[in-house]
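Below: one structure, written as C-alpha cells.
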Amino acid sequence: MPSTSPSINSFNAGEFSPLMMGQTNFEKWSSGVKKMLNFIPRSQGPAERRGGTYFVSEIKSSSDKVWLAKFEFNTTQAFILEFGPEYIRFYSDHGVALDDDGNTLEVVSPYSADDLTNDDGGFGLSMVQSGDVIYICCHTGDIPPYKLSRNSNTDWTMEAFDYANALGPFDSTNSDRSLVVYTDQFRIWSSDGADRPDGTPTTTSLCNITANSSIFESGHVGGLFYIEASTDNTDNTTVGYDGRILSWESQITYRPGQFTRSDGKYYESMATANATTGSTQPTWTAGTHNDGSDGSVPWRYSNGGWGVIEITSVASGTSATGKILQELPPSVASSVGKTYKYAFGDWSTEQGFPTKVAFYKNRLLFAGRGKLWFSVASDYENFTPMADGYEVADDDAINVQIEADSTNTIQWIAPGSSLLIGTAGAEHSCSPSTTTSAFGPKNIQITKESAYGSTGVTAVQVGATSMFVQRAGCKVRAVLADYESGSYSSSDLTVLAEHITRAGIVDMAWQQEPDYVLWVVLSDGSLVALTYNDEQKVTAWHRHDVSGSVEAVSCIPDPNGIRDDVWMVVNRTINGVTKRYVEYLHSTWDAATEAFSSAYYVDCGLTYSGTPVTSVSGLSHLEGETVAVIADGAAHPNQIVSGGAVSLEWESSVVHVGLPFTSEIVTLPLEAGGTAGTSQGKTKRLSKLTLRFVNTLGGKTGQEGGNYLDILKSRDYSGLMDNPPAPFTDDRNIDFPGDYDTNACIRVVQDQPLPMTLVAIYPRAWTTGE
C-alpha cells in the first residue's frame, strides 16, 4: 500500500457539481471542493470565512416583500434604497437615513407590490443614475418613467419624467393618405399668452384636432401628437395669400404676420407694415433675421414643417384637444390644409411606456416593446426627432426598432463599448455602424449576436463584461462585445456548478472590493455567490446560509470607501413571527489594522462597544432566539435573548451578539498515490493531515462521513489561561485516525464565532494497489 503526500493548495475553483465528480484530470480539479459553505474563495487561492451579517432595521412592514437598489454618487456618498409598495426608504452609513425632523426618511412612489416584482420573480424596476438623479422604469410598461432626485441627504423627491416636454419620441408617421387630420390653431400654448423673448407669439387657447377617421383613444391623453404639413393650402388670409402659403422669392411684398416657406422651413413676417423681400433667402433655424438690407422683411423662424401637441382630452375617436408645444405649420390649422402626416407619441397610456433605462454614448436610453429610444446627445431629457426643427443631425434623438427580435420582451440593457440588449429570445449588440463618424440616427446598427435568451433579472456590469441570467433562470452567462474589433463572446459561468443555481435566480449584485464576487439570490431564498476574476481565470461558486431566506441583495461602497458592503433583505422567523430585516455583510477581520475584539462572525447581530458590562441589551429583533456571543475576542457560551437582552459570564467591553452560523469545506475525492493509473475507486486511508491557516482561531477537521471531528489546537503551553487564545497564522498537524474508504474527502469546519482562512491542506495517504 504505497503512501503519498499530495498538495491541496488552492480552493479558488469553488464548489463543483456532482456531475464533475469524475473529472479528476480537469485542470481545476486540484482547486475545487465538494462543498463550500460560508467560505469565500479568494483570487489568490485561500478560502476565507465570510463575516457575519449586521442588523440594520426591520423593513417598513414585514408582511410586504421589498427590493433593494443603490444610489452611488461617489465612493463616500452612497445609499441603499428599500423599494416597498408605494414607498422608498433609505439607508446610509450602515444605518437608517433620517429626514430633517429625525424621522425615517421616506418618499411616496407610484409602484405597487405587483409593479415591484416581474413575471420571472426578479426586481421589476430598471434604474440608471446621473449625478443626484435616478431615472426609473417599471416592467409593466403601464407607468411613465420617474425621476428620483436627491436634493440633500435628508430631502429626496419623486416625480414623473416630463415626456411631454421632451418633445418625443414618436411612433411611425402615418402613410395612409386616406387618413387625414387638421387643427384650429398653430400657435404655441402658454398660460399667459405672452410673446416669448425671441418674439414668438403664444396663445392661451387649446388646440382642437379633427380626424376623418376614428384614431383617438382615451389612453392618448397625456401623450404627444406629431403633425407635419403635406400641403401649403390654407384658407387663413392672415398667414397665406390667395389660398396658400407662398414660397419665398425676392422682391415680393408680404403683410405683417404672413408666412412664407423657404428651404423647406416656415417663416413669419415680423414687419410692422407691408415690406418687400430682399435678396437673402431665409435658411436659419432660430430667431428673427432680415432677408436683405434696410426695408427688407424680418423673418421669424417658425418651424421645419412639423409641430407637436400634447393631448389633454379626447372627445371622440375623431376629436381631441391639446396644448401646442412646438409651433405647427400654419397650413394644418384649417380643413383645406389637412394632412395625412401625423404620428402619436410612443409613450402614453394607450401606447405604453418604456420598461428599461440606461445610458449609452452620452445619451439617456429608454427601451421597451422591441424599441430603443435615445435622447439628444448630452441633453438627456430631450427626445425631439430634429433638434433644429428641420433636419436630422448626428446628435439628434434616435428611435429604432430591433427588427430581428421585435416580438420578444427586452429583459435587460447593458452599456459598454457596444450596447448589449437581452431579450427573452436573443442577445443583440447596438453600436455605430462605422467608426469614422459619431453614433447617431445615421450611424447605428443592431446585430443579433446569440440566441440564448434571458430572464427579467437585471444584468450586472463587471468591468467591460455583462452578466445575465439565461432564459431558464439557472445559468449565469458572461458576455463581452466590442464593436471596434468586431468581437463577441458569451460563456456559461455555472458549467462547473450547475447544481448551485438550480432553484432559479431572482437577484444579483456585484461586489468589487475586497475581492470580485457576484452575489446571487435564488427563488427558494438561498444565497450563493461567484468569485469571478477573469484576469486570473478564477470562477468559483460558494454557498452561504444566513439562517433565513434572502429575498434581495445590493452593493454599495462602505462609508470609508475602502470596500463594498453587501446589503440584503432576510426573511426570518423570530420567536415564531415572520420578520423581514435589512442587514449588511460585515467585513472579515483585518489582522493588520484591527484588534481581535473587532472580529465579527455572527448573523443578524449587533455590537456593543464601551465600558465593561455583564449584559447586552437592544436585541429585541432576536427575542427568544439562541445567539452566539464573542466577548473581547473570546467565544462566549451561547445565550437566549430574553427581554431584548443577554447576560454575560464575564465583564466585556466589545461584545458581538447574533445568530450562530457554521462554515464548512469538504474536499474533492483525493486523486493521488495510485501505482497503476488513477487512485479513484481504490481504497485509501489518511494517516496524517497538515492544515495551513492564516489569521484563524478555532475550527475542527475530520474525514467526510466520519464519526467525529478533531478540534484544532488553539493554545500551547505558553498561553495565559486568564486570556483568550490568540489567532494564529501557522500549520496545524493532525494525527488522522480515519477509516478506510475510496474517496478520502476531508472536512474543515468552523462553528464558533471566530475567523478562519484556510490556505492549504497537505494529507498523508495510503492507497491500495487495486
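If you're wondering about the labels, chains in the C-alpha cells are A, B, ... by order shown, residues count from 1 in each chain, ligands from 1 in order shown.
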Closest pair table for range 79-180 of chain A residues within 12 Å of range 410-414 of chain A, only C-alpha atoms, as a tab-separated table:
residue	atom	partner	partner_atom	distance
A:Asn118	CA	A:Gln411	CA	10.2
A:Asp119	CA	A:Gln411	CA	10.9
A:Asp120	CA	A:Gln411	CA	10.1
A:Gly122	CA	A:Gln411	CA	10.6
A:Phe123	CA	A:Gln411	CA	11.3
A:Gly124	CA	A:Gln411	CA	10.3
A:Leu125	CA	A:Trp412	CA	10.7
A:Ser126	CA	A:Trp412	CA	8.3
A:Met127	CA	A:Ile413	CA	10.7
A:Val128	CA	A:Ala414	CA	10.6
A:Cys137	CA	A:Trp412	CA	11.7
A:Cys138	CA	A:Gln411	CA	11.6
A:His139	CA	A:Gln411	CA	8.8
A:Thr140	CA	A:Ile410	CA	11.7
A:Gly141	CA	A:Ile410	CA	11.3
Task: Nearby residues (only C-alpha atoms) at most 8 Å from Gly702 in chain A, same-chain spacing under 5 positions excluded, as a list in words - done: Tyr708, Leu709, Asp710, Phe736, Gly738, Ile746, Arg747 and Val748 of chain A
TODO: Would you mind listing what lies within 8 Å of range 642-651 of chain A as number ranges by chain, with only C-alpha atoms counted and same-chain residues fewer than 6 positions away left out?
DONE: A: 612-624, 636
- [ ] Give the answer as one residue: which of A:Pro85, A:Gly51, A:Gly307, A:Pro256 has the shortest atom-to-atom distance to Met270 in chain A, using only C-alpha atoms?
- [x]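 Going through A:Pro85, A:Gly51, A:Gly307, A:Pro256 one by one, the smallest distance to Met270 in chain A is for A:Pro256.
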Open item on the list: Residues near Tyr267 in chain A, anyone? I mean within 8 Å using only C-alpha atoms, not counting same-chain ones fewer than 4 positions away, as a PyMOL selection string.
Closed with: chain A and resi 259-262+282+299-303
Store the residues picked out above in a file with C-alpha atoms, as a PDB file, in the first residue's frame.
ATOM      1  CA  PHE A 259     -45.918  83.218 -43.689  1.00  0.00           C
ATOM      2  CA  THR A 260     -43.546  82.008 -46.330  1.00  0.00           C
ATOM      3  CA  ARG A 261     -41.894  78.662 -46.978  1.00  0.00           C
ATOM      4  CA  SER A 262     -38.187  78.741 -47.698  1.00  0.00           C
ATOM      5  CA  PRO A 282     -34.121  82.646 -45.239  1.00  0.00           C
ATOM      6  CA  TRP A 299     -38.471  86.735 -40.882  1.00  0.00           C
ATOM      7  CA  ARG A 300     -39.030  84.786 -37.652  1.00  0.00           C
ATOM      8  CA  TYR A 301     -38.189  81.104 -37.916  1.00  0.00           C
ATOM      9  CA  SER A 302     -41.396  79.229 -37.100  1.00  0.00           C
ATOM     10  CA  ASN A 303     -40.791  75.524 -37.693  1.00  0.00           C
TER      11      ASN A 303
END
Open item on the list: Write out as a ChimeraX atom specification the set of residues from range 114-363 of chain A that DSSP, computed on the backbone, places in strand (DSSP E).
Closed with: /A:125-130,133-138,146-152,155-160,181-183,188-189,202-203,207-211,224-228,246-247,253-254,259-262,265-269,275-276,288-290,298-303,306-316,319-326,342-344,356-360,363
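The space separating CA of Asp192 in chain A from CA of Ser313 in chain A comes to 20.5 Å.
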Task: Point-to-point distance from CA of Asn362 in chain A to CA of Gln326 in chain A, Å rounded to tenths - done: 25.1 Å
Surrounding residues of Ala377 in chain A excluding itself and chain neighbours under 4 positions, 10 Å, only C-alpha atoms, as a tab-separated table (two decimals) with N, CA, C and O atoms, in the first residue's frame:
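The resulting selection.tsv:
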chain	number	residue	atom	x	y	z
A	360	TYR	N	-25.99	55.43	-22.81
A	360	TYR	CA	-25.07	54.91	-23.83
A	360	TYR	C	-24.62	56.07	-24.72
A	360	TYR	O	-25.45	56.84	-25.21
A	361	LYS	N	-23.31	56.18	-24.89
A	361	LYS	CA	-22.72	57.21	-25.76
A	361	LYS	C	-23.25	58.60	-25.40
A	361	LYS	O	-23.62	59.40	-26.26
A	362	ASN	N	-23.28	58.88	-24.12
A	362	ASN	CA	-23.69	60.19	-23.62
A	362	ASN	C	-25.14	60.53	-23.98
A	362	ASN	O	-25.49	61.69	-24.19
A	363	ARG	N	-25.97	59.50	-24.03
A	363	ARG	CA	-27.40	59.67	-24.27
A	363	ARG	C	-28.16	58.88	-23.22
A	363	ARG	O	-27.74	57.80	-22.83
A	364	LEU	N	-29.30	59.43	-22.80
A	364	LEU	CA	-30.23	58.67	-21.98
A	364	LEU	C	-31.01	57.75	-22.90
A	364	LEU	O	-31.53	58.18	-23.93
A	381	GLU	N	-32.97	64.81	-21.41
A	381	GLU	CA	-34.43	64.86	-21.35
A	381	GLU	C	-35.02	65.50	-22.60
A	381	GLU	O	-36.12	66.05	-22.57
A	382	ASN	N	-34.30	65.40	-23.69
A	382	ASN	CA	-34.75	65.93	-24.98
A	382	ASN	C	-34.80	64.78	-25.98
A	382	ASN	O	-33.77	64.20	-26.33
A	383	PHE	N	-36.00	64.44	-26.43
A	383	PHE	CA	-36.18	63.34	-27.37
A	383	PHE	C	-36.80	63.82	-28.69
A	383	PHE	O	-37.37	63.03	-29.43
A	394	ASP	N	-26.42	64.53	-36.49
A	394	ASP	CA	-25.74	63.41	-35.84
A	394	ASP	C	-26.04	63.31	-34.35
A	394	ASP	O	-26.02	62.21	-33.78
A	395	ASP	N	-26.31	64.46	-33.71
A	395	ASP	CA	-26.54	64.42	-32.26
A	395	ASP	C	-28.01	64.41	-31.91
A	395	ASP	O	-28.37	64.54	-30.73
A	396	ASP	N	-28.91	64.23	-32.87
A	396	ASP	CA	-30.34	64.20	-32.60
A	396	ASP	C	-30.75	62.90	-31.93
A	396	ASP	O	-30.00	61.92	-31.90
A	397	ALA	N	-31.98	62.90	-31.42
A	397	ALA	CA	-32.53	61.70	-30.78
A	397	ALA	C	-32.64	60.56	-31.79
A	397	ALA	O	-32.72	60.79	-33.00
A	398	ILE	N	-32.64	59.35	-31.27
A	398	ILE	CA	-32.70	58.14	-32.11
A	398	ILE	C	-33.89	57.30	-31.67
A	398	ILE	O	-34.11	57.09	-30.48
A	439	PHE	N	-21.80	58.27	-33.23
A	439	PHE	CA	-23.01	57.48	-33.08
A	439	PHE	C	-24.21	58.42	-33.16
A	439	PHE	O	-24.28	59.44	-32.48
A	440	GLY	N	-25.16	58.08	-34.00
A	440	GLY	CA	-26.32	58.95	-34.17
A	440	GLY	C	-27.37	58.30	-35.05
A	440	GLY	O	-27.26	57.12	-35.44
Open item on the list: As an exercise, work out the distance from CA of Thr321 in chain A to CA of Ile209 in chain A in Å and give it to one decimal place.
Closed with: 5.9 Å
TODO: Excluding Ser279 in chain A and any residue of its chain fewer than 3 positions from it, enumerate the residues within 9 Å of it, using only C-alpha atoms, and give them as a VMD selection string.
DONE: chain A and resid 249 to 251 291 to 293 296
